[in-house]
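Enquirer: Have a look at the structure that comes next, please.
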Amino acid sequence: MTRAGVQAINVRFVPGLSGYFHKDLQAVKLSPEYDPLVDNIAAVTTGFTNVVQPGEVISILIRLPNGAVAIGDCVDVIFSGAASRDPLFIPSEHIPLLNAVIKPWLLKCDISSFRPNAVQVDAPWQALGNRRLHTAVRYGLTQALLSATALAWHCTISEVISREWMVDITTRPVPILASCHRNDQLQLDRMIMKQVGLLPHASFVHVNDIGPRGKILLEYVHSVSKRIQERGNPEWRPRLHFDVYGTIGDAFKDDEIPDFFQLIERAAYPYDILIESPIVAATKESQIKRLGLLKSRLKAKKINVKIVADEWCNTLQDIHEFAEAKAVDFVQVKLPDLGSLHNSIDAVIYCRSQNIGCCLGGSANETDLSARITAQVSLATQPDFLLSKPGIGADEGLMILTNEMLRTLALVDMGDGCVPEKNAHGAVTHSVEIQTTNM
């Protein structure tokens, strides 16, 4: 890609709403019973005033010389402040810094290339006393910068990544894990009707959710498998995925978990099954050790339940450590946790090089915009699957991600590529690309 300097002419920061909410995970786990939308237990994690709070974002708007606008959303995950994550993202605390420090930098920034800017966003800032920006800010800033580079070169985000990382864009959409509520049978039926790649996620957050000796979880896994067999196309073979937030480790001793997983495997039959975060340890080192031992025990007993890492696997370095230890079968590359988007891109490419499974995930607490950018990242990096987002409505996230991938593949197939336009005088100009909304 021939370099041609392009600078923003204006920048705005706009507070808004995310697709879900924040929840104090530590407070929930300490409470035997709670109503998630009623203040019947006290918050304990720093930054939380209530156990459940509305999710908030800051949209970063970068206007280019031709009038096009690149947008990125600063947003964090539902369980902020847990398992080494940055504290809860509160937009009002960051707006002054964005205006004082980030805006002047953006106005001087050459947006014709993405990767160098992403690396700079991710690094410590001298103006902040050599501190790094909050992960949510790094995430939103690099979304906006990546979108700006694509707009400047009149191409898709996938093509920018393909050129700057020298990777191939896939020719078909990446499978999607549809995230459904456990108590919503109609939502599950709709995902069966739409034949998604994986389902239902169905979070189990408190040890009480899985029941005594995991009975409720086993019954639910069996019910999902049975429902698919009753209502699904016999030729459709989805994988089953359940996120248990360490509740299995809370309910069982580590050496008991393999036998319980054997029951889970039988309950899921005839479908392959993935369990995300079966254990949440007190430290990353313990997490890697315990999950690695569990994986070894499952292999020795020939139990076909795959383990997915989420908690304590929050940075590119974490992902390297989990992979090198062969502690899990899959990692979730959780984009808001990794901050600058180049980390997530590098993480997926690394996972593929190490033959470890990879979910390009994120959070229900994201936005339609961050989901669309994630979809384009996935086409260039080719993870095993995507997590549906934003929200846990499944239909909406599935629609946003699927349509963004299909539209992008159609644009890539047109074959125009990342080529800047020239005006009548031969000077390079930069045109708006249809994927991003103008102001």
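Identifiers in this document derive from the order of the structure tokens: chains are assigned A, B, ..., residues are numbered from 1 separately in each chain, and ligands are numbered from 1 in order of occurrence.
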Mind checking DSSP for stretch 222-252 of chain A and telling me the strand (DSSP E or B) residues as a list in words?

Expert: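 Of stretch 222-252 of chain A, the ones in strand (DSSP E or B) are Arg239, Leu240, His241, Phe242 and Asp243 of chain A.
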
Enquirer: Which residues are near stretch 75-91 of chain A? Cut-off 6 Å, only C-alpha atoms, ignore same chain within fewer than 4 positions. Put them as a list in words.

Expert: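 Listing them by chain and then by number gives Phe21, His22, Lys23, Leu25, Gly47, Val57, Ala136, Glu311, Trp312, Pro336, Ser363 and Asn365 of chain A.
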
Enquirer: My list of candidates is A:Ile392, A:Leu291, A:Ile176, A:Leu335. Which is closest to A:Ser370 when distances are computed with only C-alpha atoms?

Expert: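 Closest candidate: A:Leu335.
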
Enquirer: Go through A:Leu30, A:Leu341, A:Asp368, A:Arg407 and flag the residue nearest A:Asp250, using only C-alpha atoms for the distances.

Expert: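 Using only C-alpha atoms, the shortest distance to A:Asp250 belongs to A:Leu30.
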
Enquirer: Please compute the atom CA of A:Leu151-atom CA of A:Pro175 distance, one decimal, in Å.

Expert: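 Answer for the atom CA of A:Leu151 to atom CA of A:Pro175 separation: 26.8 Å.
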
Enquirer: Quick check, in Å to one decimal: how far apart do atom CA of A:Met414 and atom CA of A:Val69 lie?

Expert: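 Interatomic distance, atom CA of A:Met414 to atom CA of A:Val69: 23.1 Å.
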
Enquirer: For A:Phe260, list every protein, DNA or RNA residue within 9 Å, evaluated using only C-alpha atoms, and leave out those in the same chain fewer than 6 positions away; present the list as a VMD selection string.

Expert: chain A and resid 213 to 214 248 252

Enquirer: Would you put the residues from that selection into a file with C-alpha atoms, as a tab-separated table (two decimals), in the first residue's frame?

Expert:
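So again_10.tsv came out as:
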```
chain	number	residue	atom	x	y	z
A	213	ARG	CA	-23.53	-31.65	41.94
A	214	GLY	CA	-24.21	-29.85	38.66
A	248	ILE	CA	-17.89	-26.15	38.12
A	252	PHE	CA	-16.37	-29.86	42.52
```

Enquirer: Give me the residues near A:Asp384 as a list of chain:residue names, where near means some atom within 12 Å (using only C-alpha atoms) and where sequence neighbours in that chain fewer than 6 positions away do not count.

Expert: A:Thr170, A:Pro173, A:Val174, A:Pro175, A:Ile176, A:Leu177, A:Gly197, A:Leu198, A:Arg239, A:Asp329, A:Phe330, A:Val331, A:Gln332, A:Val333, A:Val348, A:Ile349, A:Cys351, A:Arg352, A:Asn355, A:Ile356, A:Gly357, A:Cys358, A:Cys359, A:Leu360, A:Gly361, A:Ser378

Enquirer: Please write the residues from the selection above to a file, keeping C-alpha atoms, as an mmCIF file, in the first residue's frame.

Expert:
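This is the output file selection04.cif:
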```cif
data_model
loop_
_atom_site.group_PDB
_atom_site.id
_atom_site.type_symbol
_atom_site.label_atom_id
_atom_site.label_comp_id
_atom_site.auth_asym_id
_atom_site.auth_seq_id
_atom_site.Cartn_x
_atom_site.Cartn_y
_atom_site.Cartn_z
ATOM 1 C CA THR A 170 -11.576 -15.810 3.946
ATOM 2 C CA PRO A 173 -18.496 -16.029 6.760
ATOM 3 C CA VAL A 174 -16.988 -17.198 10.049
ATOM 4 C CA PRO A 175 -19.303 -19.413 12.168
ATOM 5 C CA ILE A 176 -21.120 -17.630 14.995
ATOM 6 C CA LEU A 177 -21.793 -18.723 18.575
ATOM 7 C CA GLY A 197 -22.648 -22.690 14.073
ATOM 8 C CA LEU A 198 -22.608 -22.917 17.857
ATOM 9 C CA ARG A 239 -21.391 -27.481 18.512
ATOM 10 C CA ASP A 329 -8.383 -26.223 23.604
ATOM 11 C CA PHE A 330 -9.672 -22.739 22.742
ATOM 12 C CA VAL A 331 -9.046 -19.201 23.909
ATOM 13 C CA GLN A 332 -11.529 -16.388 23.681
ATOM 14 C CA VAL A 333 -9.843 -13.348 22.203
ATOM 15 C CA VAL A 348 -5.903 -14.704 16.364
ATOM 16 C CA ILE A 349 -3.001 -15.035 13.934
ATOM 17 C CA CYS A 351 -3.505 -18.969 17.800
ATOM 18 C CA ARG A 352 -3.778 -20.230 14.241
ATOM 19 C CA ASN A 355 -2.999 -24.821 16.216
ATOM 20 C CA ILE A 356 -5.015 -23.710 19.223
ATOM 21 C CA GLY A 357 -8.712 -23.005 18.763
ATOM 22 C CA CYS A 358 -9.805 -19.391 18.830
ATOM 23 C CA CYS A 359 -13.059 -17.553 19.423
ATOM 24 C CA LEU A 360 -12.972 -13.904 18.390
ATOM 25 C CA GLY A 361 -15.298 -12.808 21.136
ATOM 26 C CA SER A 378 -12.673 -11.957 11.631
#
```

Enquirer: Kindly give the distance, in Å, that separates atom CA of A:Glu396 and atom CA of A:Gly19, rounded to a single decimal.

Expert: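 Answer for the atom CA of A:Glu396 to atom CA of A:Gly19 separation: 10.6 Å.
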
Enquirer: Find the residues around A:Gly5 up to 9 Å (only C-alpha atoms counted), leave out those fewer than 4 positions away in its own chain, and share them as an MDAnalysis selection string.

Expert: chainID A and resid 110:113

Enquirer: Pick out the residues sitting within 10 Å of A:Tyr245, and hand them over as a ChimeraX atom specification; count only C-alpha atoms, and ignore anything fewer than 2 positions along from it in its own chain.

Expert: /A:25,29,203-207,242-243,247-250,275-280,310-311

Enquirer: Let me make sure I understand: among A:Gln195, A:Gln7, A:Asp209, A:Ala127, which one has the smallest atom-to-atom distance to A:Ala152 if we use only C-alpha atoms?

Expert: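 For A:Ala152, the nearest of the given residues is A:Gln7.
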
Enquirer: Using backbone DSSP assignments, extract all alpha helix (DSSP H) residues from stretch 51-268 of chain A; output them as JSON, numbers by chain.

Expert: {"A": [91, 92, 93, 94, 95, 96, 97, 103, 104, 105, 106, 107, 108, 115, 116, 117, 118, 119, 120, 121, 122, 135, 136, 137, 138, 139, 140, 141, 142, 143, 144, 145, 146, 147, 148, 149, 150, 151, 152, 157, 158, 159, 160, 161, 162, 163, 164, 165, 185, 186, 187, 188, 189, 190, 191, 192, 193, 207, 208, 209, 210, 215, 216, 217, 218, 219, 220, 221, 222, 223, 224, 225, 226, 227, 228, 229, 230, 231, 247, 248, 249, 250, 251, 257, 258, 259, 260, 261, 262, 263, 264, 265, 266, 267, 268]}

Enquirer: Take the residues from that selection and put them in a file with C-alpha atoms, as a tab-separated table (two decimals), in the first residue's frame.

Expert:
```tsv
chain	number	residue	atom	x	y	z
A	91	PRO	CA	-17.19	7.74	30.51
A	92	SER	CA	-17.42	10.94	32.57
A	93	GLU	CA	-14.02	10.13	34.08
A	94	HIS	CA	-12.37	9.91	30.64
A	95	ILE	CA	-13.90	12.74	28.60
A	96	PRO	CA	-11.59	15.46	30.04
A	97	LEU	CA	-8.50	13.36	29.27
A	103	LYS	CA	-7.85	14.97	20.56
A	104	PRO	CA	-4.67	16.99	19.81
A	105	TRP	CA	-2.84	13.75	19.05
A	106	LEU	CA	-5.58	12.53	16.71
A	107	LEU	CA	-5.56	15.82	14.80
A	108	LYS	CA	-1.82	15.40	14.12
A	115	ARG	CA	-0.83	-0.52	12.61
A	116	PRO	CA	1.71	2.12	13.76
A	117	ASN	CA	-1.09	4.20	15.27
A	118	ALA	CA	-2.52	1.18	17.09
A	119	VAL	CA	0.87	0.40	18.62
A	120	GLN	CA	1.18	3.99	19.82
A	121	VAL	CA	-2.32	3.97	21.32
A	122	ASP	CA	-1.44	0.82	23.25
A	135	THR	CA	-8.52	-0.75	27.77
A	136	ALA	CA	-11.96	0.56	26.73
A	137	VAL	CA	-10.39	3.77	25.42
A	138	ARG	CA	-7.69	1.86	23.55
A	139	TYR	CA	-10.36	-0.36	22.03
A	140	GLY	CA	-12.53	2.53	20.88
A	141	LEU	CA	-9.65	4.64	19.62
A	142	THR	CA	-8.29	1.86	17.44
A	143	GLN	CA	-11.74	1.05	16.07
A	144	ALA	CA	-12.00	4.67	14.93
A	145	LEU	CA	-8.46	4.70	13.53
A	146	LEU	CA	-8.94	1.42	11.66
A	147	SER	CA	-12.19	2.70	10.19
A	148	ALA	CA	-10.43	5.95	9.24
A	149	THR	CA	-7.67	4.11	7.40
A	150	ALA	CA	-10.24	2.10	5.46
A	151	LEU	CA	-12.13	5.26	4.56
A	152	ALA	CA	-8.94	6.99	3.48
A	157	ILE	CA	-11.47	-2.81	7.10
A	158	SER	CA	-10.75	-6.45	6.20
A	159	GLU	CA	-8.61	-5.31	3.27
A	160	VAL	CA	-6.61	-2.90	5.47
A	161	ILE	CA	-5.80	-5.77	7.85
A	162	SER	CA	-5.04	-8.12	4.96
A	163	ARG	CA	-2.51	-5.69	3.50
A	164	GLU	CA	-0.88	-4.51	6.73
A	165	TRP	CA	-0.57	-8.03	8.22
A	185	GLN	CA	-36.88	-21.47	24.92
A	186	LEU	CA	-38.21	-19.47	21.98
A	187	GLN	CA	-34.84	-17.79	21.52
A	188	LEU	CA	-33.16	-21.19	21.44
A	189	ASP	CA	-35.72	-22.42	18.91
A	190	ARG	CA	-35.01	-19.45	16.65
A	191	MET	CA	-31.29	-20.23	16.70
A	192	ILE	CA	-32.07	-23.85	15.84
A	193	MET	CA	-34.26	-22.63	12.98
A	207	VAL	CA	-22.70	-21.99	41.76
A	208	ASN	CA	-26.42	-22.24	42.54
A	209	ASP	CA	-27.11	-21.85	38.80
A	210	ILE	CA	-25.64	-25.28	38.03
A	215	LYS	CA	-27.65	-31.40	38.20
A	216	ILE	CA	-29.27	-28.29	36.67
A	217	LEU	CA	-26.42	-27.86	34.19
A	218	LEU	CA	-26.59	-31.52	33.13
A	219	GLU	CA	-30.34	-31.32	32.63
A	220	TYR	CA	-30.00	-28.13	30.61
A	221	VAL	CA	-27.27	-29.55	28.37
A	222	HIS	CA	-29.42	-32.61	27.70
A	223	SER	CA	-32.48	-30.46	27.00
A	224	VAL	CA	-30.57	-28.39	24.41
A	225	SER	CA	-29.30	-31.52	22.67
A	226	LYS	CA	-32.77	-33.05	22.65
A	227	ARG	CA	-34.35	-29.85	21.35
A	228	ILE	CA	-31.90	-29.67	18.44
A	229	GLN	CA	-32.64	-33.29	17.53
A	230	GLU	CA	-36.39	-32.65	17.70
A	231	ARG	CA	-36.50	-29.41	15.75
A	247	THR	CA	-19.01	-22.57	38.86
A	248	ILE	CA	-17.89	-26.15	38.12
A	249	GLY	CA	-14.67	-25.45	39.99
A	250	ASP	CA	-16.75	-24.01	42.83
A	251	ALA	CA	-18.96	-27.10	43.03
A	257	ILE	CA	-14.34	-32.53	37.35
A	258	PRO	CA	-13.33	-35.11	34.68
A	259	ASP	CA	-16.03	-37.54	35.81
A	260	PHE	CA	-18.56	-34.71	35.77
A	261	PHE	CA	-17.40	-33.74	32.29
A	262	GLN	CA	-18.02	-37.31	31.18
A	263	LEU	CA	-21.64	-36.85	32.27
A	264	ILE	CA	-21.75	-33.57	30.34
A	265	GLU	CA	-20.39	-35.30	27.23
A	266	ARG	CA	-23.16	-37.92	27.47
A	267	ALA	CA	-25.81	-35.25	28.04
A	268	ALA	CA	-24.66	-33.37	24.90
```

Enquirer: Between A:Cys180, A:Leu64, A:Leu133, A:Ala380, single out the one closest to A:Leu398, counting only C-alpha atoms.

Expert: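 Among the listed residues, A:Cys180 lies closest to A:Leu398.
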